[in-house]
Amino acid sequence: MLNYVIKRVGIAIPTMLILIILSFLLMHAAPGGPFTSDRPLPAQVLANIEAKYGLDQPLWRQMINYVWGVVTQFDFGPSFKYKDRTVNEIIAQGFPITLKYGFLSFIFAIGVGIPLGAIAAIRQNTWIDYLAVGVSIGAQVLPNFVMAPLLVIVFTLWLGWLPGGGWGGGSWEYLIMPVIALSTSYMASIARITRSSMLEVLNTNYIRTAKAKGLPTKTILLRHALKPSLLPVISYLGPAFVGLITGSVVIDIYFSTGGMGYFFVNSAMNRDYSVMMGITILVGFLTIMFSLVIDLLYAWVDPKIRY
Amino acid sequence: MPLLEIVNLTVDFATANGSFRAVDSIDLSIDEREIVAIVGESGSGKSVAMLALMGLLPWTATVSADCIRFDGQDLLGMNDKQRRKIIGKDISMIFQEPMTSLNPCFTIGYQLTEVLCQHFGGRRRSYNNRAVELLQQVGIPAAETRLNAYPHQLSGGMCQRVMIAMMIACQPKLLIADEPTTALDVTIQAQILELLVELQQNNNMALVLITHDMAVVAETAERVVVLYAGWQVEQRSALDLFSNPRHPYTEALLNALPERAQGKLLNAIPGVVPGQLDRPKGCIFNPRCCYVQDLCRQQIPERQEGVLCHYPLELDLKPSRSSQDMVTDS
Ligand SMILES: Nc1ncnc2c1ncn2[C@@H]1O[C@H](COP(=O)(O)OP(=O)(O)O)[C@@H](O)[C@H]1O
Ligand SMILES: [Mg+2]
């Protein structure tokens, strides 16, 4: 197992480096720059500004400087648009917000999706199953950008129970709608995957063996059936994680929660190279770390991978 | 009193094409320490009958019987919870597919000690020694290290040995082995059978051996039950059955044995076991029977002296080989 972890981490490091270099090159390959605008600046002024931010240097040197700063000091440099702030400060402001509702969304998607799917499978063709299948199909056709306005219409405009946006220091009434809007479709997918995989597992010979041993139903379901049923769910968690991250952009804009999604979109619009890069690299880093966790989880559930 | 007594066991499956009777009024009684073979081609209902006894059929199955008694207890009237105290402890069963019958996510040791904890209580760790002992008993080398192995690391034969260890762990009075060697290499088959018979003798248990291999029956069984398409066509002592089969199907099975082959040709039985949609009228064996008469095509036979046939074969009246061949050819 330890060998496996070391191997996986060993692969993650070069992946991370390639990600940094690629996103740097892509960013600079796009035409225009942070200081191009409708009203062009005088040439001398532009040259001065570019010199200040190091943009006058050859691309390879810029890149080496940038990568060096990121790798050795986690320093993403100054923002090109918010003149008095560094990228690190912007991330420090937005990231905890995204992390909080993102994490809650993830927990909600798994914590509701898996039990819902499992119960539907165990009670196949009963009303519980039909209800669960109905709910998950309904939820799956409601992506976050549909879910968000629907929630606001119902809970803010009609019922007046919840604030329609803002962060409020992250207290629960500000969290509910972002979390539900973001996670519902993933919850539904997880429920559907769990259900079909559990149904398959319940028909296997090893479940018959477990019954032949005289084990109680609870043990058979929770111990012998659940673990193998989770394999396809675990492989879905990777894409779901990425989906949650992109979805957070929608949430930040729709609910004005002030997370990273907001800065991400703005930096793209403004060609704020350093903010854009900083967020891309952070998200890339999280995705790589997460897929590492997924692989370890997978290995824990499926012994065939471990050896 | 027999260890197990089954009277008039019938199993119906609800299917998309209506109800399907996979097992039709089977009687079976097994004494302590007896070896009984259940034989018949694939699809005869051998597995279904025994799974019904174990309570392992899916919900689409309806099981009915006049009586299922095991060791003085009425299994029919039991609820699931009461039955679970017996299943895996006093009656246990091993299956045809050893590679898929063990849970891939748990170690051999876990799966082995789990059954002991379930029936005798206590902590799993305390059964480690017993687990090693069991693995040694079923002929697994380096048993201690195998406890931490996962099923995918073992061969089919090893998996079947682990299954056997698991199912004899609680010293059952009756072990049902459902085609335990069909999925294995020929060389391993004999070893596993030998192991089962050895365990049957050492542990004083009764053994039901399901097989479609008459040669295996001849070597091991004391009594034989012959099933055909859910019907119990004949049931007799093995010696009797081999020297003097009374049902034409039994005779055909015996004639299909390689050592009874004439020249280079095996006497395979032409045709296949009828399934749900092609069951004939009258005697279920009549389309394949070489002695078929008009009555057989019209009327369902009654059981007489354990033989389900309108015209059971008699030792004296049994047609000679040559006349039988004539019938087959015509
Ligand atoms: N779950 C099921 N649903 C419907 N039919 C079944 C089911 N299981 C077995 N059968 C049918 O019952 C018959 C007997 O099957 P089985 O007992 O497995 O035969 P075998 O003698 O080879 O063990 C077959 O025709 C099979 O198709
Ligand atoms: Mg079978």
# chains A, B, ... in the order shown; residues from 1 in each chain; ligands from 1
$ residues_around --residues "Tyr53 (chain A)" --least-positions-apart "4" --cutoff "12 Å" --atoms "only C-alpha atoms" --output "ChimeraX atom specification"
/A:33-35,46-49,57,62,65-66,77-81,83,272-274
$ closest_atom_pairs --of "chain B" --to "chain A" --cutoff "8 Å" --atoms "only C-alpha atoms" --output "JSON lines"
{"residue": "B:Met54", "atom": "CA", "partner": "A:Ala212", "partner_atom": "CA", "distance": 7.1}
{"residue": "B:Leu56", "atom": "CA", "partner": "A:Arg208", "partner_atom": "CA", "distance": 6.8}
{"residue": "B:Lys81", "atom": "CA", "partner": "A:Pro216", "partner_atom": "CA", "distance": 7.7}
{"residue": "B:Arg83", "atom": "CA", "partner": "A:Gly214", "partner_atom": "CA", "distance": 7.9}
{"residue": "B:Arg84", "atom": "CA", "partner": "A:Gly214", "partner_atom": "CA", "distance": 4.4}
{"residue": "B:Lys85", "atom": "CA", "partner": "A:Gly214", "partner_atom": "CA", "distance": 6.5}
{"residue": "B:Ile86", "atom": "CA", "partner": "A:Gly214", "partner_atom": "CA", "distance": 7.3}
{"residue": "B:Ile87", "atom": "CA", "partner": "A:Gly214", "partner_atom": "CA", "distance": 5.0}
{"residue": "B:Gly88", "atom": "CA", "partner": "A:Lys213", "partner_atom": "CA", "distance": 4.0}
{"residue": "B:Lys89", "atom": "CA", "partner": "A:Lys213", "partner_atom": "CA", "distance": 7.4}
{"residue": "B:Ser92", "atom": "CA", "partner": "A:Ala212", "partner_atom": "CA", "distance": 6.6}
{"residue": "B:Met93", "atom": "CA", "partner": "A:Ala212", "partner_atom": "CA", "distance": 6.8}
{"residue": "B:Glu97", "atom": "CA", "partner": "A:Asn205", "partner_atom": "CA", "distance": 7.8}
{"residue": "B:Thr100", "atom": "CA", "partner": "A:Asn205", "partner_atom": "CA", "distance": 5.8}
{"residue": "B:Ser101", "atom": "CA", "partner": "A:Tyr206", "partner_atom": "CA", "distance": 4.2}
{"residue": "B:Leu102", "atom": "CA", "partner": "A:Tyr206", "partner_atom": "CA", "distance": 5.0}
{"residue": "B:Asn103", "atom": "CA", "partner": "A:Tyr206", "partner_atom": "CA", "distance": 5.1}
{"residue": "B:Pro104", "atom": "CA", "partner": "A:Pro303", "partner_atom": "CA", "distance": 7.4}
{"residue": "B:Cys105", "atom": "CA", "partner": "A:Asp302", "partner_atom": "CA", "distance": 5.9}
{"residue": "B:Val115", "atom": "CA", "partner": "A:Lys213", "partner_atom": "CA", "distance": 6.0}
{"residue": "B:Gln118", "atom": "CA", "partner": "A:Leu215", "partner_atom": "CA", "distance": 6.7}
{"residue": "B:Tyr150", "atom": "CA", "partner": "A:Pro303", "partner_atom": "CA", "distance": 7.1}
{"residue": "B:His152", "atom": "CA", "partner": "A:Lys304", "partner_atom": "CA", "distance": 7.0}
{"residue": "B:Met167", "atom": "CA", "partner": "A:Lys213", "partner_atom": "CA", "distance": 7.4}
$ residues_near_ligand --ligand "ligand 2" --cutoff "7 Å" --atoms "only C-alpha atoms and all ligand atoms" --output "NGL selection string"
:B and (42-43 or 46-47 or 178-179)
$ write_last_selection --atoms "N, CA, C and O atoms" --output "tab-separated table (two decimals), in the first residue's frame"
chain	number	residue	atom	x	y	z
B	42	SER	N	-28.08	-30.46	-17.12
B	42	SER	CA	-28.26	-29.05	-16.77
B	42	SER	C	-29.71	-28.63	-16.98
B	42	SER	O	-30.32	-29.04	-17.97
B	43	GLY	N	-30.23	-27.85	-16.07
B	43	GLY	CA	-31.60	-27.38	-16.20
B	43	GLY	C	-32.63	-28.34	-15.64
B	43	GLY	O	-33.82	-28.18	-15.84
B	46	LYS	N	-31.81	-29.31	-10.19
B	46	LYS	CA	-31.01	-29.78	-9.05
B	46	LYS	C	-30.66	-28.62	-8.12
B	46	LYS	O	-30.88	-28.69	-6.91
B	47	SER	N	-30.12	-27.56	-8.71
B	47	SER	CA	-29.73	-26.42	-7.89
B	47	SER	C	-30.95	-25.78	-7.24
B	47	SER	O	-30.93	-25.46	-6.05
B	178	ASP	N	-23.08	-28.30	-4.58
B	178	ASP	CA	-23.75	-28.15	-5.87
B	178	ASP	C	-22.71	-28.09	-6.98
B	178	ASP	O	-22.06	-27.07	-7.19
B	179	GLU	N	-22.55	-29.19	-7.68
B	179	GLU	CA	-21.55	-29.31	-8.74
B	179	GLU	C	-20.23	-28.64	-8.33
B	179	GLU	O	-19.77	-27.71	-8.98
$ residues_near_ligand --ligand "ligand 1" --cutoff "10 Å" --atoms "only C-alpha atoms and all ligand atoms" --output "number ranges by chain"
B: 11-16, 19-23, 38-52, 57-61, 96, 178-179, 210-212, 227-230, 273-277
$ residues_around --residues "region 235-252 of chain A" --least-positions-apart "6" --cutoff "9 Å" --atoms "only C-alpha atoms" --output "VMD selection string"
chain A and resid 98 101 to 102 105 to 106 110 143 to 145 148 178 to 179 181 to 183 186 189 to 190 193 258 to 265 283 287 290 to 291 294 to 295 298
$ select_by_dssp --residues "region 200-293 of chain B" --states "helix (DSSP H, G or I)" --output "number ranges by chain"
B: 200-202, 214-220, 238-243, 248-255, 258-260, 286-288
$ write_last_selection --atoms "C-alpha atoms" --output "PDB file, in the first residue's frame"
ATOM      1  CA  GLN B 200     -17.896 -36.344   5.254  1.00  0.00           C
ATOM      2  CA  GLN B 201     -16.351 -39.332   7.004  1.00  0.00           C
ATOM      3  CA  ASN B 202     -14.197 -37.441   9.505  1.00  0.00           C
ATOM      4  CA  MET B 214     -22.507 -40.439 -13.351  1.00  0.00           C
ATOM      5  CA  ALA B 215     -18.941 -41.603 -12.920  1.00  0.00           C
ATOM      6  CA  VAL B 216     -18.613 -39.444  -9.825  1.00  0.00           C
ATOM      7  CA  VAL B 217     -21.860 -40.873  -8.502  1.00  0.00           C
ATOM      8  CA  ALA B 218     -20.646 -44.411  -8.976  1.00  0.00           C
ATOM      9  CA  GLU B 219     -17.536 -43.681  -6.931  1.00  0.00           C
ATOM     10  CA  THR B 220     -19.091 -41.851  -4.025  1.00  0.00           C
ATOM     11  CA  ALA B 238     -26.505 -46.457  -6.037  1.00  0.00           C
ATOM     12  CA  LEU B 239     -25.651 -50.137  -6.407  1.00  0.00           C
ATOM     13  CA  ASP B 240     -29.155 -50.966  -7.554  1.00  0.00           C
ATOM     14  CA  LEU B 241     -29.387 -48.046  -9.852  1.00  0.00           C
ATOM     15  CA  PHE B 242     -26.162 -48.808 -11.653  1.00  0.00           C
ATOM     16  CA  SER B 243     -26.868 -52.477 -12.128  1.00  0.00           C
ATOM     17  CA  PRO B 248     -35.400 -44.957 -19.295  1.00  0.00           C
ATOM     18  CA  TYR B 249     -33.734 -41.618 -18.523  1.00  0.00           C
ATOM     19  CA  THR B 250     -31.503 -43.191 -15.899  1.00  0.00           C
ATOM     20  CA  GLU B 251     -30.565 -45.890 -18.324  1.00  0.00           C
ATOM     21  CA  ALA B 252     -29.778 -43.305 -20.977  1.00  0.00           C
ATOM     22  CA  LEU B 253     -27.573 -41.402 -18.518  1.00  0.00           C
ATOM     23  CA  LEU B 254     -25.693 -44.590 -17.700  1.00  0.00           C
ATOM     24  CA  ASN B 255     -25.304 -45.497 -21.340  1.00  0.00           C
ATOM     25  CA  PRO B 258     -17.581 -43.165 -21.573  1.00  0.00           C
ATOM     26  CA  GLU B 259     -16.787 -46.701 -20.416  1.00  0.00           C
ATOM     27  CA  ARG B 260     -20.083 -47.892 -21.799  1.00  0.00           C
ATOM     28  CA  ASN B 286     -41.367 -38.777 -23.821  1.00  0.00           C
ATOM     29  CA  PRO B 287     -39.807 -36.842 -26.756  1.00  0.00           C
ATOM     30  CA  ARG B 288     -36.372 -38.242 -25.894  1.00  0.00           C
TER      31      ARG B 288
END
$ atom_distance --atom1 "CA of Ala37 (chain B)" --atom2 "CA of Met1 (chain B)"
19.8 Å
$ residues_around --residues "Ile6 (chain A)" --least-positions-apart "5" --cutoff "12 Å" --atoms "only C-alpha atoms" --output "number ranges by chain"
A: 1, 11-13, 292, 296
$ residues_around --residues "Leu26 (chain A)" --least-positions-apart "5" --cutoff "12 Å" --atoms "only C-alpha atoms" --output "list in words"
Ile18, Leu19, Ile20, Ile21, Pro31, Leu59, Met63, Tyr273, Met276, Met277 and Thr280 of chain A
$ select_by_dssp --residues "region 91-213 of chain B" --states "strand (DSSP E or B)" --output "PyMOL selection string"
chain B and resi 91-94+174-178+206-211
$ write_last_selection --atoms "all heavy atoms" --output "mmCIF file, in the first residue's frame"
data_model
loop_
_atom_site.group_PDB
_atom_site.id
_atom_site.type_symbol
_atom_site.label_atom_id
_atom_site.label_comp_id
_atom_site.auth_asym_id
_atom_site.auth_seq_id
_atom_site.Cartn_x
_atom_site.Cartn_y
_atom_site.Cartn_z
ATOM 1 N N ILE B 91 -26.825 -26.820 8.309
ATOM 2 C CA ILE B 91 -26.880 -27.162 6.884
ATOM 3 C C ILE B 91 -26.062 -26.106 6.164
ATOM 4 O O ILE B 91 -26.293 -24.921 6.354
ATOM 5 C CB ILE B 91 -28.295 -27.028 6.272
ATOM 6 C CG1 ILE B 91 -29.350 -27.652 7.162
ATOM 7 C CG2 ILE B 91 -28.331 -27.623 4.875
ATOM 8 C CD1 ILE B 91 -30.752 -27.510 6.592
ATOM 9 N N SER B 92 -25.139 -26.535 5.330
ATOM 10 C CA SER B 92 -24.480 -25.505 4.549
ATOM 11 C C SER B 92 -24.271 -26.001 3.134
ATOM 12 O O SER B 92 -24.459 -27.169 2.834
ATOM 13 C CB SER B 92 -23.182 -25.039 5.191
ATOM 14 O OG SER B 92 -22.432 -26.144 5.576
ATOM 15 N N MET B 93 -23.896 -25.087 2.280
ATOM 16 C CA MET B 93 -23.908 -25.396 0.854
ATOM 17 C C MET B 93 -22.723 -24.747 0.153
ATOM 18 O O MET B 93 -22.382 -23.603 0.438
ATOM 19 C CB MET B 93 -25.222 -24.868 0.267
ATOM 20 C CG MET B 93 -25.415 -25.103 -1.215
ATOM 21 S SD MET B 93 -27.172 -24.920 -1.642
ATOM 22 C CE MET B 93 -27.125 -25.207 -3.405
ATOM 23 N N ILE B 94 -22.089 -25.499 -0.725
ATOM 24 C CA ILE B 94 -21.058 -24.895 -1.572
ATOM 25 C C ILE B 94 -21.527 -24.930 -3.018
ATOM 26 O O ILE B 94 -22.336 -25.763 -3.390
ATOM 27 C CB ILE B 94 -19.691 -25.578 -1.424
ATOM 28 C CG1 ILE B 94 -19.803 -27.046 -1.768
ATOM 29 C CG2 ILE B 94 -19.162 -25.397 -0.029
ATOM 30 C CD1 ILE B 94 -18.480 -27.755 -1.710
ATOM 31 N N LEU B 174 -25.206 -31.483 7.681
ATOM 32 C CA LEU B 174 -25.487 -31.749 6.270
ATOM 33 C C LEU B 174 -24.770 -30.726 5.410
ATOM 34 O O LEU B 174 -24.882 -29.525 5.637
ATOM 35 C CB LEU B 174 -27.000 -31.662 6.020
ATOM 36 C CG LEU B 174 -27.454 -31.716 4.562
ATOM 37 C CD1 LEU B 174 -27.122 -33.056 3.931
ATOM 38 C CD2 LEU B 174 -28.945 -31.438 4.449
ATOM 39 N N LEU B 175 -23.999 -31.219 4.441
ATOM 40 C CA LEU B 175 -23.348 -30.320 3.490
ATOM 41 C C LEU B 175 -23.898 -30.603 2.095
ATOM 42 O O LEU B 175 -23.948 -31.753 1.666
ATOM 43 C CB LEU B 175 -21.830 -30.527 3.499
ATOM 44 C CG LEU B 175 -21.045 -29.669 2.497
ATOM 45 C CD1 LEU B 175 -21.110 -28.193 2.856
ATOM 46 C CD2 LEU B 175 -19.593 -30.125 2.402
ATOM 47 N N ILE B 176 -24.343 -29.561 1.444
ATOM 48 C CA ILE B 176 -24.826 -29.703 0.069
ATOM 49 C C ILE B 176 -23.749 -29.156 -0.852
ATOM 50 O O ILE B 176 -23.339 -28.013 -0.713
ATOM 51 C CB ILE B 176 -26.133 -28.911 -0.135
ATOM 52 C CG1 ILE B 176 -27.203 -29.401 0.836
ATOM 53 C CG2 ILE B 176 -26.597 -29.035 -1.570
ATOM 54 C CD1 ILE B 176 -28.384 -28.459 0.954
ATOM 55 N N ALA B 177 -23.274 -29.994 -1.758
ATOM 56 C CA ALA B 177 -22.236 -29.544 -2.691
ATOM 57 C C ALA B 177 -22.848 -29.510 -4.086
ATOM 58 O O ALA B 177 -23.116 -30.546 -4.683
ATOM 59 C CB ALA B 177 -21.038 -30.491 -2.645
ATOM 60 N N ASP B 178 -23.078 -28.302 -4.577
ATOM 61 C CA ASP B 178 -23.746 -28.145 -5.868
ATOM 62 C C ASP B 178 -22.710 -28.088 -6.981
ATOM 63 O O ASP B 178 -22.064 -27.071 -7.190
ATOM 64 C CB ASP B 178 -24.584 -26.855 -5.856
ATOM 65 C CG ASP B 178 -25.399 -26.697 -7.132
ATOM 66 O OD1 ASP B 178 -25.245 -27.541 -8.033
ATOM 67 O OD2 ASP B 178 -26.178 -25.738 -7.217
ATOM 68 N N ALA B 206 -23.680 -35.645 6.739
ATOM 69 C CA ALA B 206 -24.307 -36.157 5.535
ATOM 70 C C ALA B 206 -23.900 -35.251 4.383
ATOM 71 O O ALA B 206 -23.617 -34.076 4.586
ATOM 72 C CB ALA B 206 -25.820 -36.170 5.694
ATOM 73 N N LEU B 207 -23.858 -35.828 3.180
ATOM 74 C CA LEU B 207 -23.404 -35.055 2.025
ATOM 75 C C LEU B 207 -24.385 -35.236 0.878
ATOM 76 O O LEU B 207 -24.709 -36.360 0.505
ATOM 77 C CB LEU B 207 -22.011 -35.544 1.622
ATOM 78 C CG LEU B 207 -21.361 -34.890 0.407
ATOM 79 C CD1 LEU B 207 -21.076 -33.428 0.660
ATOM 80 C CD2 LEU B 207 -20.072 -35.636 0.037
ATOM 81 N N VAL B 208 -24.868 -34.123 0.373
ATOM 82 C CA VAL B 208 -25.643 -34.171 -0.864
ATOM 83 C C VAL B 208 -24.733 -33.690 -1.973
ATOM 84 O O VAL B 208 -24.230 -32.572 -1.931
ATOM 85 C CB VAL B 208 -26.896 -33.267 -0.796
ATOM 86 C CG1 VAL B 208 -27.567 -33.208 -2.166
ATOM 87 C CG2 VAL B 208 -27.858 -33.780 0.248
ATOM 88 N N LEU B 209 -24.504 -34.568 -2.931
ATOM 89 C CA LEU B 209 -23.593 -34.226 -4.007
ATOM 90 C C LEU B 209 -24.395 -34.041 -5.286
ATOM 91 O O LEU B 209 -24.945 -34.994 -5.826
ATOM 92 C CB LEU B 209 -22.579 -35.356 -4.165
ATOM 93 C CG LEU B 209 -21.411 -35.085 -5.080
ATOM 94 C CD1 LEU B 209 -20.591 -33.912 -4.591
ATOM 95 C CD2 LEU B 209 -20.544 -36.332 -5.178
ATOM 96 N N ILE B 210 -24.481 -32.807 -5.719
ATOM 97 C CA ILE B 210 -25.177 -32.538 -6.973
ATOM 98 C C ILE B 210 -24.175 -32.634 -8.106
ATOM 99 O O ILE B 210 -23.087 -32.069 -8.029
ATOM 100 C CB ILE B 210 -25.800 -31.127 -6.961
ATOM 101 C CG1 ILE B 210 -26.813 -31.013 -5.835
ATOM 102 C CG2 ILE B 210 -26.446 -30.825 -8.297
ATOM 103 C CD1 ILE B 210 -27.438 -29.639 -5.721
ATOM 104 N N THR B 211 -24.510 -33.372 -9.133
ATOM 105 C CA THR B 211 -23.562 -33.544 -10.222
ATOM 106 C C THR B 211 -24.306 -33.979 -11.474
ATOM 107 O O THR B 211 -25.449 -34.412 -11.405
ATOM 108 C CB THR B 211 -22.507 -34.609 -9.857
ATOM 109 O OG1 THR B 211 -21.663 -34.824 -10.970
ATOM 110 C CG2 THR B 211 -23.150 -35.905 -9.461
#
